[in-house]
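Working notes, beginning with the structure itself.
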Amino acid sequence: MANFKEQVKKDIENVFQNFQEFGMTCSWNGQELKYNPDVRDIKQEYEAQGVNNDRLTIIINADDLIPRPVVAERVIFDDDYWYVVDVKPKLPFLAISIERSV
(Lines give C-alpha, C1' and ligand atoms only; values in the text may rest on other atoms or scores of the structure.)
Protein backbone atom coordinates (compact mmCIF):
# COMPACT_ATOMS: atom_id res chain seq x y z
CA MET A 1 0.00 0.00 0.00
CA ALA A 2 1.28 3.47 -0.94
CA ASN A 3 1.86 6.09 1.69
CA PHE A 4 0.04 9.44 1.50
CA LYS A 5 2.75 11.28 -0.48
CA GLU A 6 3.03 8.48 -3.01
CA GLN A 7 -0.75 8.39 -3.46
CA VAL A 8 -0.93 12.16 -3.97
CA LYS A 9 1.85 11.95 -6.57
CA LYS A 10 -0.03 9.19 -8.41
CA ASP A 11 -3.27 11.18 -8.29
CA ILE A 12 -1.58 14.29 -9.70
CA GLU A 13 0.08 12.30 -12.48
CA ASN A 14 -3.03 10.30 -13.35
CA VAL A 15 -5.64 13.03 -13.06
CA PHE A 16 -4.34 16.59 -13.11
CA GLN A 17 -1.36 16.12 -15.43
CA ASN A 18 -2.51 13.16 -17.48
CA PHE A 19 -0.20 13.49 -20.49
CA GLN A 20 -2.14 10.78 -22.36
CA GLU A 21 -5.38 12.74 -22.05
CA PHE A 22 -4.27 16.36 -22.18
CA GLY A 23 -0.63 16.22 -23.26
CA MET A 24 1.05 17.54 -26.32
CA THR A 25 4.35 16.54 -27.90
CA CYS A 26 7.10 18.96 -28.82
CA SER A 27 10.71 18.93 -29.86
CA TRP A 28 13.01 20.37 -27.17
CA ASN A 29 16.55 20.77 -28.52
CA GLY A 30 15.85 17.83 -30.82
CA GLN A 31 14.45 15.58 -28.09
CA GLU A 32 10.79 14.55 -28.15
CA LEU A 33 9.07 15.79 -24.99
CA LYS A 34 5.52 15.39 -23.69
CA TYR A 35 4.07 18.44 -21.99
CA ASN A 36 0.90 20.16 -20.92
CA PRO A 37 0.59 23.85 -21.75
CA ASP A 38 -0.32 26.17 -18.92
CA VAL A 39 -3.19 27.93 -20.69
CA ARG A 40 -3.17 30.80 -18.20
CA ASP A 41 0.16 31.93 -19.64
CA ILE A 42 -0.33 31.66 -23.41
CA LYS A 43 -0.32 35.26 -24.51
CA GLN A 44 1.48 37.83 -26.50
CA GLU A 45 3.20 40.49 -24.44
CA TYR A 46 4.23 43.91 -25.64
CA GLU A 47 7.61 45.09 -24.46
CA ALA A 48 9.35 48.43 -24.58
CA GLN A 49 10.33 49.90 -27.95
CA GLY A 50 7.58 48.06 -29.82
CA VAL A 51 9.07 44.55 -29.61
CA ASN A 52 6.44 41.84 -29.35
CA ASN A 53 7.16 38.73 -27.27
CA ASP A 54 5.38 35.40 -27.11
CA ARG A 55 5.46 33.66 -23.75
CA LEU A 56 4.53 30.05 -23.06
CA THR A 57 4.66 27.96 -19.91
CA ILE A 58 4.86 24.21 -20.30
CA ILE A 59 4.52 21.60 -17.58
CA ILE A 60 6.58 18.43 -17.90
CA ASN A 61 7.54 15.44 -15.80
CA ALA A 62 10.69 16.54 -13.96
CA ASP A 63 12.51 13.34 -14.93
CA ASP A 64 11.84 13.77 -18.66
CA LEU A 65 14.33 16.59 -19.20
CA ILE A 66 17.86 16.15 -17.88
CA PRO A 67 19.75 18.37 -17.45
CA ARG A 68 17.11 20.82 -16.36
CA PRO A 69 16.96 24.07 -18.30
CA VAL A 70 18.29 27.24 -16.70
CA VAL A 71 17.15 30.86 -16.94
CA ALA A 72 18.53 32.69 -20.00
CA GLU A 73 19.28 29.40 -21.79
CA ARG A 74 18.50 29.49 -25.50
CA VAL A 75 16.52 26.43 -26.56
CA ILE A 76 14.96 25.13 -29.74
CA PHE A 77 11.28 24.50 -29.06
CA ASP A 78 9.46 23.04 -32.07
CA ASP A 79 12.05 24.37 -34.52
CA ASP A 80 12.02 27.96 -33.16
CA TYR A 81 14.48 29.65 -30.86
CA TRP A 82 13.14 30.54 -27.42
CA TYR A 83 14.74 31.71 -24.18
CA VAL A 84 14.03 30.16 -20.80
CA VAL A 85 12.72 32.87 -18.46
CA ASP A 86 11.68 30.74 -15.48
CA VAL A 87 11.92 27.17 -14.20
CA LYS A 88 9.81 26.23 -11.19
CA PRO A 89 9.76 22.79 -9.63
CA LYS A 90 6.22 21.65 -8.92
CA LEU A 91 7.01 18.13 -7.85
CA PRO A 92 6.84 15.78 -9.60
CA PHE A 93 6.74 18.31 -12.45
CA LEU A 94 8.63 21.30 -13.78
CA ALA A 95 6.90 24.44 -14.99
CA ILE A 96 9.13 26.00 -17.64
CA SER A 97 8.36 29.47 -19.01
CA ILE A 98 9.88 30.33 -22.36
CA GLU A 99 9.77 33.50 -24.40
CA ARG A 100 10.62 34.64 -27.91
CA SER A 101 10.49 37.86 -29.87
CA VAL A 102 8.11 37.96 -32.80
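Letters A, B, ... go to the chains of the C-alpha coordinates in the order shown; residues in each chain start at 1; ligands are counted from 1 in the same order.
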
DSSP strand (DSSP E or B) selection over stretch 66-99 of chain A, as number ranges by chain: A: 74-77, 80-90, 93-99

Filtering to N, CA and C atoms, could you give me those residues as an mmCIF file, in the first residue's frame?
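Output file selection11.cif is given in full below:
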data_model
loop_
_atom_site.group_PDB
_atom_site.id
_atom_site.type_symbol
_atom_site.label_atom_id
_atom_site.label_comp_id
_atom_site.auth_asym_id
_atom_site.auth_seq_id
_atom_site.Cartn_x
_atom_site.Cartn_y
_atom_site.Cartn_z
ATOM 1 N N ARG A 74 19.159 29.469 -24.194
ATOM 2 C CA ARG A 74 18.500 29.491 -25.497
ATOM 3 C C ARG A 74 18.194 28.056 -25.886
ATOM 4 N N VAL A 75 16.938 27.783 -26.215
ATOM 5 C CA VAL A 75 16.525 26.430 -26.565
ATOM 6 C C VAL A 75 15.795 26.448 -27.905
ATOM 7 N N ILE A 76 15.752 25.283 -28.516
ATOM 8 C CA ILE A 76 14.963 25.134 -29.738
ATOM 9 C C ILE A 76 13.701 24.376 -29.356
ATOM 10 N N PHE A 77 12.578 25.067 -29.391
ATOM 11 C CA PHE A 77 11.276 24.500 -29.055
ATOM 12 C C PHE A 77 10.474 24.445 -30.340
ATOM 13 N N ASP A 80 11.844 26.515 -33.340
ATOM 14 C CA ASP A 80 12.023 27.955 -33.163
ATOM 15 C C ASP A 80 12.899 28.205 -31.947
ATOM 16 N N TYR A 81 13.635 29.292 -31.990
ATOM 17 C CA TYR A 81 14.482 29.651 -30.855
ATOM 18 C C TYR A 81 13.665 30.396 -29.797
ATOM 19 N N TRP A 82 13.798 29.943 -28.567
ATOM 20 C CA TRP A 82 13.140 30.544 -27.416
ATOM 21 C C TRP A 82 14.191 30.719 -26.321
ATOM 22 N N TYR A 83 13.884 31.554 -25.344
ATOM 23 C CA TYR A 83 14.744 31.711 -24.175
ATOM 24 C C TYR A 83 13.975 31.302 -22.930
ATOM 25 N N VAL A 84 14.632 30.567 -22.062
ATOM 26 C CA VAL A 84 14.029 30.160 -20.800
ATOM 27 C C VAL A 84 14.015 31.379 -19.880
ATOM 28 N N VAL A 85 12.827 31.725 -19.363
ATOM 29 C CA VAL A 85 12.719 32.870 -18.462
ATOM 30 C C VAL A 85 12.422 32.453 -17.031
ATOM 31 N N ASP A 86 11.970 31.203 -16.830
ATOM 32 C CA ASP A 86 11.685 30.740 -15.478
ATOM 33 C C ASP A 86 11.566 29.224 -15.470
ATOM 34 N N VAL A 87 12.056 28.616 -14.405
ATOM 35 C CA VAL A 87 11.921 27.170 -14.196
ATOM 36 C C VAL A 87 11.504 26.979 -12.749
ATOM 37 N N LYS A 88 10.313 26.437 -12.546
ATOM 38 C CA LYS A 88 9.808 26.227 -11.193
ATOM 39 C C LYS A 88 9.511 24.750 -10.976
ATOM 40 N N PRO A 89 10.123 24.173 -9.950
ATOM 41 C CA PRO A 89 9.765 22.789 -9.625
ATOM 42 C C PRO A 89 8.393 22.744 -8.971
ATOM 43 N N LYS A 90 7.546 21.909 -9.495
ATOM 44 C CA LYS A 90 6.223 21.649 -8.924
ATOM 45 C C LYS A 90 6.111 20.143 -8.877
ATOM 46 N N PHE A 93 6.673 17.646 -11.150
ATOM 47 C CA PHE A 93 6.744 18.308 -12.448
ATOM 48 C C PHE A 93 7.681 19.498 -12.423
ATOM 49 N N LEU A 94 7.953 20.026 -13.613
ATOM 50 C CA LEU A 94 8.628 21.299 -13.783
ATOM 51 C C LEU A 94 7.713 22.193 -14.600
ATOM 52 N N ALA A 95 7.590 23.441 -14.190
ATOM 53 C CA ALA A 95 6.901 24.438 -14.988
ATOM 54 C C ALA A 95 7.983 25.315 -15.613
ATOM 55 N N ILE A 96 8.087 25.275 -16.924
ATOM 56 C CA ILE A 96 9.126 26.000 -17.645
ATOM 57 C C ILE A 96 8.477 27.098 -18.478
ATOM 58 N N SER A 97 8.857 28.347 -18.219
ATOM 59 C CA SER A 97 8.365 29.474 -19.009
ATOM 60 C C SER A 97 9.413 29.845 -20.038
ATOM 61 N N ILE A 98 8.976 29.963 -21.279
ATOM 62 C CA ILE A 98 9.877 30.331 -22.364
ATOM 63 C C ILE A 98 9.300 31.541 -23.096
ATOM 64 N N GLU A 99 10.190 32.265 -23.752
ATOM 65 C CA GLU A 99 9.767 33.497 -24.397
ATOM 66 C C GLU A 99 10.563 33.679 -25.690
#

Residue neighbourhood A:Cys26, 10 Å, only C-alpha atoms, exclusion window fewer than 5 positions, as a ChimeraX atom specification: /A:31-35,77-79

Serialized selection, all heavy atoms, as a PDB file, in the first residue's frame:
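This went into again25.pdb:
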ATOM      1  N   GLN A  31      14.972  16.715 -28.863  1.00  0.00           N
ATOM      2  CA  GLN A  31      14.450  15.584 -28.086  1.00  0.00           C
ATOM      3  C   GLN A  31      12.921  15.684 -28.021  1.00  0.00           C
ATOM      4  O   GLN A  31      12.375  16.742 -27.747  1.00  0.00           O
ATOM      5  CB  GLN A  31      15.028  15.646 -26.665  1.00  0.00           C
ATOM      6  CG  GLN A  31      14.419  14.669 -25.697  1.00  0.00           C
ATOM      7  CD  GLN A  31      14.936  14.884 -24.272  1.00  0.00           C
ATOM      8  OE1 GLN A  31      15.946  15.518 -24.041  1.00  0.00           O
ATOM      9  NE2 GLN A  31      14.215  14.344 -23.311  1.00  0.00           N
ATOM     10  N   GLU A  32      12.243  14.555 -28.274  1.00  0.00           N
ATOM     11  CA  GLU A  32      10.785  14.553 -28.150  1.00  0.00           C
ATOM     12  C   GLU A  32      10.412  14.653 -26.673  1.00  0.00           C
ATOM     13  O   GLU A  32      10.983  13.977 -25.816  1.00  0.00           O
ATOM     14  CB  GLU A  32      10.199  13.283 -28.740  1.00  0.00           C
ATOM     15  CG  GLU A  32       8.683  13.296 -28.747  1.00  0.00           C
ATOM     16  CD  GLU A  32       8.114  12.070 -29.430  1.00  0.00           C
ATOM     17  OE1 GLU A  32       8.233  11.975 -30.666  1.00  0.00           O
ATOM     18  OE2 GLU A  32       7.550  11.216 -28.708  1.00  0.00           O
ATOM     19  N   LEU A  33       9.446  15.515 -26.373  1.00  0.00           N
ATOM     20  CA  LEU A  33       9.068  15.790 -24.992  1.00  0.00           C
ATOM     21  C   LEU A  33       7.556  15.939 -24.905  1.00  0.00           C
ATOM     22  O   LEU A  33       6.952  16.656 -25.706  1.00  0.00           O
ATOM     23  CB  LEU A  33       9.753  17.088 -24.539  1.00  0.00           C
ATOM     24  CG  LEU A  33       9.588  17.529 -23.107  1.00  0.00           C
ATOM     25  CD1 LEU A  33      10.253  16.532 -22.152  1.00  0.00           C
ATOM     26  CD2 LEU A  33      10.194  18.906 -22.919  1.00  0.00           C
ATOM     27  N   LYS A  34       6.949  15.236 -23.941  1.00  0.00           N
ATOM     28  CA  LYS A  34       5.519  15.391 -23.692  1.00  0.00           C
ATOM     29  C   LYS A  34       5.315  16.486 -22.653  1.00  0.00           C
ATOM     30  O   LYS A  34       6.044  16.546 -21.670  1.00  0.00           O
ATOM     31  CB  LYS A  34       4.909  14.087 -23.200  1.00  0.00           C
ATOM     32  CG  LYS A  34       4.804  13.048 -24.269  1.00  0.00           C
ATOM     33  CD  LYS A  34       4.031  11.851 -23.803  1.00  0.00           C
ATOM     34  CE  LYS A  34       3.947  10.858 -24.945  1.00  0.00           C
ATOM     35  NZ  LYS A  34       3.191   9.690 -24.586  1.00  0.00           N
ATOM     36  N   TYR A  35       4.331  17.336 -22.906  1.00  0.00           N
ATOM     37  CA  TYR A  35       4.068  18.438 -21.989  1.00  0.00           C
ATOM     38  C   TYR A  35       2.591  18.795 -21.986  1.00  0.00           C
ATOM     39  O   TYR A  35       1.843  18.409 -22.878  1.00  0.00           O
ATOM     40  CB  TYR A  35       4.904  19.667 -22.366  1.00  0.00           C
ATOM     41  CG  TYR A  35       4.411  20.391 -23.603  1.00  0.00           C
ATOM     42  CD1 TYR A  35       3.587  21.508 -23.489  1.00  0.00           C
ATOM     43  CD2 TYR A  35       4.772  19.985 -24.878  1.00  0.00           C
ATOM     44  CE1 TYR A  35       3.139  22.178 -24.617  1.00  0.00           C
ATOM     45  CE2 TYR A  35       4.333  20.641 -26.000  1.00  0.00           C
ATOM     46  CZ  TYR A  35       3.519  21.746 -25.865  1.00  0.00           C
ATOM     47  OH  TYR A  35       3.071  22.399 -26.974  1.00  0.00           O
ATOM     48  N   PHE A  77      12.578  25.067 -29.391  1.00  0.00           N
ATOM     49  CA  PHE A  77      11.276  24.500 -29.055  1.00  0.00           C
ATOM     50  C   PHE A  77      10.474  24.445 -30.340  1.00  0.00           C
ATOM     51  O   PHE A  77      10.150  25.488 -30.929  1.00  0.00           O
ATOM     52  CB  PHE A  77      10.577  25.371 -28.003  1.00  0.00           C
ATOM     53  CG  PHE A  77       9.220  24.887 -27.605  1.00  0.00           C
ATOM     54  CD1 PHE A  77       9.085  23.861 -26.678  1.00  0.00           C
ATOM     55  CD2 PHE A  77       8.075  25.444 -28.142  1.00  0.00           C
ATOM     56  CE1 PHE A  77       7.837  23.407 -26.305  1.00  0.00           C
ATOM     57  CE2 PHE A  77       6.823  25.009 -27.767  1.00  0.00           C
ATOM     58  CZ  PHE A  77       6.698  23.987 -26.847  1.00  0.00           C
ATOM     59  N   ASP A  78      10.189  23.240 -30.808  1.00  0.00           N
ATOM     60  CA  ASP A  78       9.456  23.045 -32.066  1.00  0.00           C
ATOM     61  C   ASP A  78      10.038  23.876 -33.209  1.00  0.00           C
ATOM     62  O   ASP A  78       9.332  24.634 -33.874  1.00  0.00           O
ATOM     63  CB  ASP A  78       7.972  23.332 -31.881  1.00  0.00           C
ATOM     64  CG  ASP A  78       7.235  22.182 -31.232  1.00  0.00           C
ATOM     65  OD1 ASP A  78       7.768  21.048 -31.219  1.00  0.00           O
ATOM     66  OD2 ASP A  78       6.115  22.407 -30.739  1.00  0.00           O
ATOM     67  N   ASP A  79      11.338  23.759 -33.401  1.00  0.00           N
ATOM     68  CA  ASP A  79      12.051  24.371 -34.521  1.00  0.00           C
ATOM     69  C   ASP A  79      12.163  25.894 -34.471  1.00  0.00           C
ATOM     70  O   ASP A  79      12.522  26.515 -35.462  1.00  0.00           O
ATOM     71  CB  ASP A  79      11.441  23.947 -35.866  1.00  0.00           C
ATOM     72  CG  ASP A  79      11.491  22.445 -36.071  1.00  0.00           C
ATOM     73  OD1 ASP A  79      12.484  21.825 -35.640  1.00  0.00           O
ATOM     74  OD2 ASP A  79      10.548  21.895 -36.661  1.00  0.00           O
TER      75      ASP A  79
END

Atom CA of A:Pro67 to atom CA of A:Pro92, straight-line distance in Å: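 A separation of 15.3 Å between them.
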
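In this comparison, which uses only C-alpha atoms, the residue of A:Arg68, A:Gln7, A:Arg100, A:Asn29 approaching A:Leu56 most closely is A:Arg100.
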
Computed interatomic separation between atom CA of A:Ile58 and atom CA of A:Glu6 (Å):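 Going from atom CA of A:Ile58 over to atom CA of A:Glu6, I get 23.4 Å.
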
Selected residue of minimal separation from A:Arg55 among A:Gly23, A:Pro37, A:Gly30, A:Pro69, counting only C-alpha atoms: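 Nearest to A:Arg55: A:Pro37.
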